[in-house]
>>> print(open('run_39.txt').read())   # compact mmCIF, C-alpha atoms
# COMPACT_ATOMS: atom_id res chain seq x y z
CA PHE A 14 0.00 0.00 0.00
CA ARG A 15 1.57 3.27 -1.13
CA SER A 16 -0.39 5.53 1.20
CA PHE A 17 -1.63 5.26 4.74
CA ILE A 18 -4.65 3.02 5.23
CA THR A 19 -7.65 4.82 6.69
CA CYS A 20 -10.17 2.02 7.19
CA LEU A 21 -10.78 -1.69 6.72
CA ASP A 22 -13.55 -4.26 7.10
CA ILE A 23 -13.86 -8.04 6.86
CA SER A 24 -16.81 -9.72 5.11
CA ASN A 25 -19.42 -11.65 7.12
CA GLY A 26 -18.02 -14.97 5.96
CA GLY A 27 -14.46 -13.93 6.85
CA GLY A 28 -13.22 -14.58 3.32
CA LEU A 29 -12.62 -11.06 2.00
CA GLY A 30 -11.23 -7.81 3.31
CA VAL A 31 -11.64 -4.27 2.03
CA SER A 32 -9.38 -1.33 2.82
CA THR A 33 -9.31 2.35 1.92
CA SER A 34 -6.38 4.74 1.58
CA ALA A 35 -5.55 8.42 1.80
CA ASP A 36 -4.59 8.40 -1.90
CA GLY A 37 -8.17 7.67 -3.01
CA SER A 38 -7.60 3.97 -3.66
CA MET A 39 -9.56 0.99 -2.35
CA LYS A 40 -8.63 -2.67 -2.43
CA ILE A 41 -10.46 -5.99 -2.01
CA TRP A 42 -8.16 -8.73 -0.70
CA GLN A 43 -8.21 -12.33 0.50
CA ALA A 44 -8.44 -12.21 4.28
CA ALA A 45 -6.37 -15.40 4.64
CA ASN A 46 -3.22 -14.16 2.92
CA GLY A 47 -3.71 -10.50 1.96
CA GLU A 48 -3.63 -11.23 -1.78
CA ILE A 49 -5.18 -8.33 -3.72
CA ARG A 50 -8.31 -9.39 -5.64
CA ARG A 51 -9.67 -6.09 -6.94
CA ASN A 52 -8.72 -2.42 -7.08
CA LEU A 53 -11.77 -0.16 -6.68
CA GLU A 54 -11.21 3.10 -8.50
CA GLY A 55 -13.53 6.10 -8.54
CA HIS A 56 -13.08 8.21 -5.41
CA VAL A 57 -11.09 11.44 -5.63
CA TYR A 58 -8.96 12.35 -2.56
CA ASP A 59 -8.93 10.35 0.69
CA VAL A 60 -11.39 7.50 1.18
CA ASN A 61 -12.28 7.61 4.89
CA CYS A 62 -14.57 4.65 5.51
CA CYS A 63 -15.65 1.30 4.11
CA ARG A 64 -18.11 -1.41 5.13
CA PHE A 65 -19.19 -4.73 3.67
CA PHE A 66 -22.94 -5.18 3.30
CA PRO A 67 -24.22 -8.28 5.17
CA SER A 68 -24.16 -10.23 1.87
CA GLY A 69 -20.35 -10.01 1.89
CA ILE A 70 -20.19 -9.28 -1.84
CA VAL A 71 -21.05 -5.56 -1.87
CA VAL A 72 -19.07 -2.71 -0.28
CA LEU A 73 -20.05 0.81 0.83
CA SER A 74 -17.46 3.60 0.96
CA GLY A 75 -17.32 7.31 1.74
CA GLY A 76 -14.65 9.87 0.97
CA MET A 77 -13.40 13.43 1.18
CA ASP A 78 -14.96 13.96 -2.28
CA ALA A 79 -18.31 14.07 -0.37
CA ARG A 80 -19.51 10.99 -2.25
CA LEU A 81 -20.78 7.63 -1.06
CA LYS A 82 -20.18 4.73 -3.40
CA ILE A 83 -21.44 1.14 -3.61
CA TRP A 84 -19.13 -1.43 -5.19
CA SER A 85 -19.31 -5.03 -6.32
CA ALA A 86 -16.58 -6.94 -4.47
CA GLU A 87 -16.81 -9.63 -7.16
CA ASP A 88 -15.88 -7.56 -10.23
CA GLY A 89 -14.80 -4.23 -8.71
CA ARG A 90 -17.48 -2.14 -10.45
CA CYS A 91 -18.93 0.97 -8.80
CA VAL A 92 -22.67 0.29 -9.06
CA ALA A 93 -23.99 3.48 -7.41
CA THR A 94 -22.82 6.93 -6.30
CA PHE A 95 -24.72 9.10 -3.78
CA GLN A 96 -24.25 12.86 -3.76
CA GLY A 97 -25.70 15.39 -1.33
CA HIS A 98 -23.14 16.03 1.40
CA LYS A 99 -21.34 19.38 1.19
CA ALA A 100 -18.06 18.14 2.70
CA GLY A 101 -16.11 14.93 3.21
CA ILE A 102 -17.87 11.80 4.47
CA LEU A 103 -16.35 10.53 7.72
CA ASP A 104 -18.34 7.38 8.54
CA VAL A 105 -21.08 5.08 7.27
CA ALA A 106 -23.50 2.56 8.76
CA ILE A 107 -25.67 -0.05 7.08
CA VAL A 108 -29.31 -0.47 8.14
CA GLU A 109 -30.19 -4.17 8.55
CA ARG A 110 -29.66 -5.97 5.22
CA GLY A 111 -28.72 -2.79 3.41
CA ARG A 112 -31.76 -1.40 1.61
CA ASN A 113 -30.86 1.84 3.44
CA VAL A 114 -27.53 3.23 4.66
CA VAL A 115 -26.52 6.18 6.85
CA SER A 116 -23.57 8.53 6.35
CA SER A 117 -22.00 11.28 8.47
CA SER A 118 -19.92 14.18 7.27
CA ARG A 119 -17.68 17.11 8.06
CA ASP A 120 -20.64 19.25 6.96
CA GLY A 121 -22.31 18.47 10.33
CA THR A 122 -25.07 16.27 8.92
CA ALA A 123 -26.04 12.62 8.93
CA ARG A 124 -28.10 11.43 5.97
CA LEU A 125 -30.25 8.36 5.29
CA TRP A 126 -30.03 6.93 1.75
CA ASP A 127 -32.09 4.59 -0.41
CA CYS A 128 -29.61 2.21 -2.05
CA GLY A 129 -32.05 1.00 -4.73
CA ARG A 130 -32.64 4.48 -6.10
CA SER A 131 -29.39 6.21 -5.00
CA THR A 132 -31.43 8.98 -3.40
CA CYS A 133 -31.35 10.71 -0.03
CA LEU A 134 -34.35 9.84 2.15
CA GLY A 135 -33.65 12.66 4.55
CA LEU A 136 -31.41 14.55 6.88
CA VAL A 137 -31.28 12.52 10.10
CA ALA A 138 -29.19 15.12 11.94
CA ASP A 139 -27.87 18.60 11.30
CA CYS A 140 -25.75 19.65 14.26
CA GLY A 141 -23.38 22.28 12.88
CA SER A 142 -20.32 20.30 13.94
CA PRO A 143 -18.45 17.56 12.05
CA ILE A 144 -19.79 14.07 12.85
CA ASN A 145 -16.62 11.98 13.08
CA GLY A 146 -18.23 8.61 13.69
CA ILE A 147 -21.62 6.91 13.83
CA ALA A 148 -23.05 3.64 15.13
CA LEU A 149 -26.46 2.07 14.70
CA ASN A 150 -28.30 -0.55 16.71
CA ALA A 151 -31.72 -1.81 17.76
CA THR A 152 -32.23 -0.51 21.26
CA ASP A 153 -33.73 -1.39 24.60
CA ASN A 154 -37.55 -1.43 24.31
CA SER A 155 -37.96 0.82 27.34
CA LEU A 156 -36.16 3.69 25.57
CA ASN A 157 -38.43 6.30 23.97
CA LEU A 158 -37.03 7.02 20.51
CA GLY A 159 -39.69 9.63 19.69
CA SER A 160 -42.16 9.71 16.80
CA PRO A 161 -41.50 10.99 13.29
CA GLU A 162 -43.12 14.34 12.47
CA GLU A 163 -44.03 13.05 9.00
CA LEU A 164 -45.00 9.57 7.86
CA PRO A 165 -41.74 7.82 6.85
CA SER A 166 -41.23 7.04 3.17
CA GLU A 167 -42.12 3.48 2.17
CA ARG A 168 -38.51 3.34 0.93
CA GLU A 169 -37.31 3.41 4.56
CA ILE A 170 -36.65 -0.22 5.47
CA GLY A 171 -35.61 -1.23 8.99
CA THR A 172 -35.26 2.23 10.55
CA GLU A 173 -37.89 1.66 13.25
CA GLY A 174 -36.58 0.95 16.75
CA LYS A 175 -33.02 1.93 15.82
CA LEU A 176 -30.84 4.31 17.80
CA LEU A 177 -28.19 6.25 15.86
CA LEU A 178 -25.11 7.41 17.77
CA LEU A 179 -23.20 10.48 16.61
CA ALA A 180 -19.60 11.08 17.73
CA ARG A 181 -19.30 14.83 17.28
CA GLU A 182 -16.32 17.17 16.98
CA ASP A 183 -17.93 19.61 19.46
CA LYS A 184 -17.31 17.21 22.40
CA LYS A 185 -20.83 15.74 22.23
CA LEU A 186 -21.99 12.15 21.92
CA GLN A 187 -25.59 12.20 20.73
CA GLY A 188 -28.29 9.56 20.43
CA LEU A 189 -31.10 9.98 17.86
CA GLY A 190 -34.08 7.91 16.83
CA LEU A 191 -33.21 6.91 13.24
CA GLN A 192 -36.83 6.84 12.11
CA SER A 193 -38.07 9.71 14.30
CA ARG A 194 -34.99 11.95 13.71
CA GLN A 195 -35.66 13.05 17.33
CA PRO A 196 -32.86 13.53 19.89
CA VAL A 197 -32.82 10.86 22.63
CA PHE A 198 -29.80 11.99 24.65
CA LEU A 199 -26.84 14.35 24.50
CA PHE A 200 -23.70 13.58 26.51
CA ILE A 201 -20.86 16.11 26.80
CA GLY A 202 -17.35 14.70 27.07
CA SER A 203 -13.90 16.12 27.78
CA ASP A 204 -12.85 16.55 24.13
CA ALA A 205 -13.96 15.90 20.55
CA PHE A 206 -15.56 12.45 20.07
CA ASN A 207 -13.81 10.53 17.30
CA CYS A 208 -15.70 7.23 17.38
CA CYS A 209 -18.54 5.35 19.03
CA THR A 210 -20.00 1.85 19.17
CA PHE A 211 -22.67 -0.27 20.85
CA LEU A 212 -21.67 -3.08 23.21
CA SER A 213 -25.33 -4.22 23.47
CA ASN A 214 -28.77 -2.70 23.05
CA THR A 215 -28.25 -0.76 26.31
CA TYR A 216 -24.50 -0.15 26.63
CA LEU A 217 -22.38 2.02 24.39
CA LEU A 218 -18.90 3.52 24.13
CA GLY A 219 -17.57 6.84 22.88
CA GLY A 220 -13.87 7.59 22.33
CA THR A 221 -12.36 11.08 22.46
CA GLN A 222 -9.39 13.03 21.15
CA ASP A 223 -7.82 13.20 24.64
CA GLY A 224 -7.78 9.40 25.09
CA SER A 225 -10.97 8.93 27.13
CA ILE A 226 -13.37 6.04 26.50
CA TYR A 227 -16.81 6.73 27.99
CA HIS A 228 -18.92 3.69 28.88
CA LEU A 229 -22.59 4.74 28.98
CA ASP A 230 -26.02 3.20 29.60
CA VAL A 231 -28.53 4.56 27.04
CA ARG A 232 -31.25 4.55 29.71
CA ASN A 233 -29.32 7.03 31.86
CA THR A 234 -26.59 9.04 30.16
CA LYS A 235 -26.30 11.75 32.85
CA ALA A 236 -23.16 10.12 34.23
CA PRO A 237 -20.95 7.48 32.59
CA ILE A 238 -20.76 3.98 34.10
CA ARG A 239 -17.01 4.49 33.87
CA VAL A 240 -14.34 6.39 31.98
CA ILE A 241 -11.40 4.32 30.72
CA GLN A 242 -8.21 6.22 29.97
CA ARG A 243 -5.00 4.31 29.29
CA SER A 244 -3.11 7.18 27.66
CA GLY A 245 -3.70 10.70 26.40
CA ALA A 246 -3.49 9.58 22.76
CA PRO A 247 -6.64 10.06 20.64
CA VAL A 248 -9.04 7.09 20.59
CA LEU A 249 -9.39 6.41 16.85
CA SER A 250 -11.57 3.28 16.78
CA LEU A 251 -13.82 1.23 19.06
CA THR A 252 -15.08 -2.19 17.96
CA PRO A 253 -17.27 -4.64 19.94
CA TYR A 254 -15.49 -7.95 20.52
CA LYS A 255 -16.87 -10.95 22.43
CA ASP A 256 -17.77 -9.68 25.94
CA GLY A 257 -16.00 -6.37 25.51
CA PHE A 258 -14.28 -4.29 22.88
CA ILE A 259 -11.09 -3.48 20.97
CA ALA A 260 -9.74 0.08 21.01
CA SER A 261 -7.01 1.67 18.90
CA GLN A 262 -5.24 4.95 19.54
CA GLY A 263 -3.20 7.64 17.86
CA ASP A 264 0.07 6.48 19.47
CA GLY A 265 -0.18 3.01 17.89
CA THR A 266 -1.68 1.32 20.95
CA CYS A 267 -4.29 -1.34 20.27
CA PHE A 268 -5.87 -3.26 23.16
CA ILE A 269 -8.72 -5.65 23.93
CA MET A 270 -10.84 -5.25 27.07
CA GLN A 271 -12.91 -8.24 28.21
CA GLN A 272 -14.63 -9.79 31.24
CA ASP A 273 -16.59 -6.86 32.70
CA LEU A 274 -14.04 -4.56 31.05
CA ASP A 275 -11.40 -5.41 33.67
CA HIS A 276 -9.13 -7.74 31.69
CA VAL A 277 -6.81 -6.06 29.19
CA LEU A 278 -4.80 -7.70 26.42
CA GLU A 279 -2.47 -5.40 24.50
CA LEU A 280 -2.08 -6.24 20.82
CA THR A 281 0.43 -3.43 20.35
CA GLY A 282 2.02 -0.84 22.59
CA PRO A 283 2.60 2.80 21.69
CA ASP A 284 4.95 2.65 18.69
CA CYS A 285 4.00 6.08 17.35
CA ASP A 286 2.09 5.24 14.13
CA PRO A 287 -1.68 5.69 14.64
CA VAL A 288 -3.89 2.60 14.24
CA TYR A 289 -7.00 3.90 12.48
CA LYS A 290 -9.28 0.87 12.44
CA VAL A 291 -9.63 -2.68 13.73
CA ALA A 292 -11.73 -5.53 12.29
CA PRO A 293 -12.05 -8.83 14.16
CA TRP A 294 -13.01 -12.15 12.60
CA GLY A 295 -13.12 -15.12 14.98
CA LYS A 296 -9.72 -15.34 16.66
CA GLU A 297 -8.10 -13.09 14.07
CA ILE A 298 -7.84 -9.34 14.40
CA TYR A 299 -6.91 -7.10 11.47
CA THR A 300 -5.57 -3.57 11.93
CA CYS A 301 -4.74 -0.73 9.55
CA CYS A 302 -2.18 1.91 10.26
CA ARG A 303 -0.71 5.15 9.04
CA ASP A 304 2.45 3.29 7.97
CA GLY A 305 0.45 1.73 5.10
CA ILE A 306 0.65 -1.80 6.51
CA LEU A 307 -2.31 -4.10 7.19
CA ARG A 308 -1.60 -6.47 10.08
CA ARG A 309 -3.29 -9.67 11.15
CA TYR A 310 -3.05 -10.92 14.73
CA GLN A 311 -4.02 -14.43 15.76
CA LEU A 312 -5.24 -14.96 19.32
CA ILE A 313 -3.87 -18.26 20.58
CA SER A 314 -6.41 -18.89 23.34
CA ASP A 315 -9.91 -17.77 24.26
CA LEU A 316 -10.02 -14.56 26.23
>>> encode(input="run_39.txt", output="structure tokens")
Amino acid sequence: FRSFITCLDISNGGGLGVSTSADGSMKIWQAANGEIRRNLEGHVYDVNCCRFFPSGIVVLSGGMDARLKIWSAEDGRCVATFQGHKAGILDVAIVERGRNVVSSSRDGTARLWDCGRSTCLGLVADCGSPINGIALNATDNSLNLGSPEELPSEREIGTEGKLLLLAREDKKLQGLGLQSRQPVFLFIGSDAFNCCTFLSNTYLLGGTQDGSIYHLDVRNTKAPIRVIQRSGAPVLSLTPYKDGFIASQGDGTCFIMQQDLDHVLELTGPDCDPVYKVAPWGKEIYTCCRDGILRRYQLISDL
């Protein structure tokens, strides 16, 4: 890889990987040995995020060219391009099987898209601050997600009962009803939120620029359950893993927390090059780094 790798994902079956780079390139590769299968060409500037659809044969990407693209992992074709954001796309999420997807951008908005028609179904959020990361999950039934002001389009598939998390540059972690577009909670952290994820339908995590990981309960976000801080380096990615999560940071640290978030296994210590993203598959964990190298770690035993 000529340029630093910004994101990666592994397909549902574990067979394929996809990665994106700061030079606008994307690659599909064999997860087992890293052999390049396809080059996906079409984005201009940095590609910031990529996700496999649940089928494992289609990929979603978003870039600094403010475009979302859908690709065939089988032949490398770009099958759809979505335009509407006014600045670079920073993260994407896929709704259920992928009839709809969500994107977030430096323009301060999150948008819901209809993949079949390549059209925007609406602005889910407009918060005036870059939305660095998003996460989507079905939520605890006791949580009131609000009601939509207008009847949702029949093109919206699977948005009901979903909570959308927004990791915002203005130090806020926000929860929104995806279908209702209504705010559910707003938590203010110590610094810009870079990333967020769900651990379950009630517990979530948000990672900040000053190295804090906030562990929250969606039913009561007034105070965090705990704040984990292992260093002052920016938290760049948070990924659910088994009973806990994997975190990566701007100083090259990558660690797994398990068993009530008390047990820590360090994959890598701080070796200076930021680790942007982590993708687990079974006992294998893939990381991508600013040094342009994709790494695969094999866990010998169960955590």
>>> atom_distance(input="run_39.txt", atom1="CA of Ser244 (chain A)", atom2="CA of Ala180 (chain A)")
19.6 Å
>>> residues_around(input="run_39.txt", residues="Thr252 (chain A)", least_positions_apart="3", cutoff="7 Å", atoms="all atoms listed in the file", output="list of chain:residue names")
A:Thr210, A:Phe258, A:Ile259, A:Ala260, A:Val291
>>> residues_around(input="run_39.txt", residues="region 35-38 of chain A", least_positions_apart="2", cutoff="6 Å", atoms="all atoms listed in the file", output="count of residues only")
7
>>> axis_aligned_box(input="run_39.txt", around="region 22-36 of chain A", padding_each_side="3 Å", output="lines of an AutoDock Vina configuration file")
center_x = -12.0
center_y = -3.3
center_z = 2.6
size_x = 20.8
size_y = 29.4
size_z = 15.0
>>> residues_around(input="run_39.txt", residues="region 127-130 of chain A", least_positions_apart="5", cutoff="7 Å", atoms="only C-alpha atoms", output="PDB file with C-alpha atoms, in the coordinates of the input")
ATOM      1  CA  ARG A 112     -31.760  -1.400   1.610  1.00  0.00           C
ATOM      2  CA  ASN A 113     -30.860   1.840   3.440  1.00  0.00           C
ATOM      3  CA  VAL A 114     -27.530   3.230   4.660  1.00  0.00           C
ATOM      4  CA  ARG A 168     -38.510   3.340   0.930  1.00  0.00           C
TER       5      ARG A 168
END
>>> atom_distance(input="run_39.txt", atom1="CA of Leu158 (chain A)", atom2="CA of Gln192 (chain A)")
8.4 Å
>>> closest_residue(input="run_39.txt", among="A:Leu212, A:Val115, A:Leu274, A:Leu217", to="Cys133 (chain A)", atoms="all atoms listed in the file")
A:Val115
>>> closest_residue(input="run_39.txt", among="A:Thr266, A:Ser225, A:Ser142, A:Gln43", to="Gly26 (chain A)", atoms="only C-alpha atoms")
A:Gln43
>>> atom_distance(input="run_39.txt", atom1="CA of Lys290 (chain A)", atom2="CA of Leu136 (chain A)")
26.6 Å
>>> residues_around(input="run_39.txt", residues="Ser68 (chain A)", least_positions_apart="3", cutoff="10 Å", atoms="only C-alpha atoms", output="list in words")
Ser24, Asn25, Gly26, Phe65, Val71, Val72, Arg110 and Gly111 of chain A
>>> residues_around(input="run_39.txt", residues="Pro237 (chain A)", least_positions_apart="4", cutoff="12 Å", atoms="all atoms listed in the file", output="list in words")
Leu186, Phe200, Ile201, Gly202, Tyr216, Leu217, Leu218, Gly219, Ser225, Ile226, Tyr227, His228, Leu229, Asp230, Val231, Arg232, Asn233 and Ile241 of chain A
>>> residues_near_point(input="run_39.txt", point="(-20.1, 12.9, 18.8)", cutoff="7 Å", atoms="all atoms listed in the file", output="count of residues only")
13
>>> closest_residue(input="run_39.txt", among="A:Ser261, A:Asn52, A:Asn61, A:Ser155", to="Ile18 (chain A)", atoms="all atoms listed in the file")
A:Asn61
>>> closest_residue(input="run_39.txt", among="A:Glu173, A:Asp139, A:Asp256, A:Glu48", to="Phe211 (chain A)", atoms="only C-alpha atoms")
A:Asp256
>>> residues_near_point(input="run_39.txt", point="(-22.5, 24.3, 11.2)", cutoff="8 Å", atoms="all atoms listed in the file", output="list in words")
Asp120, Gly121, Asp139, Cys140, Gly141, Ser142 and Pro143 of chain A
